[in-house]
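Everything below concerns the one structure shown next.
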Amino acid sequence: MLLDSASLYFRAFYGLPDSLRSPDGKPVNAVRGLLDMIAFLVTEHGPDRLVACWDEDWRPAFRVEAIGSYKEHRVARVTPAGEPDVEEVPDLLTPQVPVIVDVLAALGIARVGAKGYEADDVIGTLVTREVARSAATALPVAGAVGIVIPASVDIVTGDRDLFQLVDDAAGVRVLYPARGVRDPDVIDQARLAEKYGVPSGQAYADMATLRGDPSDGLPGVPGIGEKTAAKLLATFGDLAGLRAAAEHGAKGLTPTQRQKLLDAAPYLDVAPTVVQVARDAPVDAVDDALPRAPKDPEALDALAERWGIRSSVDRVLTALAARP
């Protein structure tokens, strides 16, 4: 199980009242909410391995170089040259993030980031490694090269960008908590086809490139919305095929659609670099086995007392101990 950590603790922060406070009056709603999510996910889905994936850089330079408007509206202030941009984060959330870091460490739950990359890229890289590891354990059978044991990876995120990683054959799905982690929308290829009209994770990425995403500062191709993008991709196969069709005036494109795609060529040349998650980020190897008991019980006890989060910590400990 791979957690898009910031997506989840932002959701917890906005979903729980800021009246949830530590004994000395500091907000802990994001801390408690995230811990309660983890407790439920471990109990409900029973992963034996889990990684809290982290944004080491929420607005990576390689994406900004490709499209300067990428997440630009979320920058809190101008920083001197060479310094990373500061993300606009609610004042009551900012001091809770180090508490989350400390609690995860005391629990012994793996937390992983990569310098210069977002959590999405960490997730993409770990998924790619897990699928490769799974393929390497192919079972030989008579008359066949081998049978691949599928990976079994659940990605928990409120970010639709990660739908691009969905892969039934590799056993990769997304638990999308539109209604909360207790009732997620389970995104597999059938769900992608049903909801977005695309057959695969890669097709979703192509559709998202065409559609754009104002919340990330991605303009998309003007006049090409989600449904039109899905229909064009179904006709021409993928983004490369669609662009080739536009360049050569192939049948199946209206003159207006063709012109829009041609006009958007500079955007389409660079957008995949921004939309596609990295599959080879420099993510360190980590022991991602879920513990049955806390790694540092004394530190965890002190944190639970200091921040008044005993009940949430206990729920996580109960979930860890109860795993099969």
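Following the order of the structure tokens, chains are lettered A, B, ..., residues in each are numbered from 1, and ligands are numbered from 1.
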Review point. DSSP says alpha helix (DSSP H) for which residues of stretch 44-168 of chain A? Put them as a VMD selection string?
Key: chain A and resid 44 to 45 61 to 66 96 to 107 119 to 135
Exercise for review: Identify, on the basis of only C-alpha atoms, every residue whose closest approach to stretch 277-285 of chain A does not exceed 6 Å; exclude the query and any residue fewer than 3 positions from it along the same chain; express the result as a PyMOL selection string.
Suggested key: chain A and resi 114+121+124-125
Exercise for review: Excluding A:Asp296 and residues on its chain fewer than 5 positions from it, collect all residues at most 8 Å away from it, counting only C-alpha atoms, and give them as a list in words.
Suggested key: Ala105, Ala106, Leu107 and Gly108 of chain A
Please write the residues from the selection above to a file, keeping all heavy atoms, as a PDB file, in the first residue's frame.
ATOM      1  N   ALA A 105       7.751   7.853  12.304  1.00  0.00           N
ATOM      2  CA  ALA A 105       9.060   7.288  12.636  1.00  0.00           C
ATOM      3  C   ALA A 105       8.988   6.434  13.900  1.00  0.00           C
ATOM      4  O   ALA A 105       9.558   5.336  13.958  1.00  0.00           O
ATOM      5  CB  ALA A 105      10.089   8.404  12.803  1.00  0.00           C
ATOM      6  N   ALA A 106       8.298   6.921  14.909  1.00  0.00           N
ATOM      7  CA  ALA A 106       8.190   6.161  16.161  1.00  0.00           C
ATOM      8  C   ALA A 106       7.392   4.878  15.956  1.00  0.00           C
ATOM      9  O   ALA A 106       7.672   3.847  16.576  1.00  0.00           O
ATOM     10  CB  ALA A 106       7.553   7.028  17.243  1.00  0.00           C
ATOM     11  N   LEU A 107       6.392   4.926  15.103  1.00  0.00           N
ATOM     12  CA  LEU A 107       5.614   3.727  14.791  1.00  0.00           C
ATOM     13  C   LEU A 107       6.435   2.708  14.006  1.00  0.00           C
ATOM     14  O   LEU A 107       6.197   1.499  14.095  1.00  0.00           O
ATOM     15  CB  LEU A 107       4.369   4.095  13.984  1.00  0.00           C
ATOM     16  CG  LEU A 107       3.211   4.723  14.746  1.00  0.00           C
ATOM     17  CD1 LEU A 107       2.209   5.347  13.779  1.00  0.00           C
ATOM     18  CD2 LEU A 107       2.510   3.685  15.624  1.00  0.00           C
ATOM     19  N   GLY A 108       7.375   3.196  13.205  1.00  0.00           N
ATOM     20  CA  GLY A 108       8.133   2.314  12.331  1.00  0.00           C
ATOM     21  C   GLY A 108       7.505   2.140  10.970  1.00  0.00           C
ATOM     22  O   GLY A 108       7.775   1.169  10.265  1.00  0.00           O
TER      23      GLY A 108
END
**Study point:** Counting only C-alpha atoms, the option among A:Pro23, A:Pro219, A:Gly201, A:Gly237 closest to A:Arg173
**Key:**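 The closest residue to A:Arg173 is A:Gly201.
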Point to revise | Which of A:Val166, A:Ala39, A:Val172, A:Leu233 sits closest to A:Leu192 [using only C-alpha atoms] | key: A:Val166
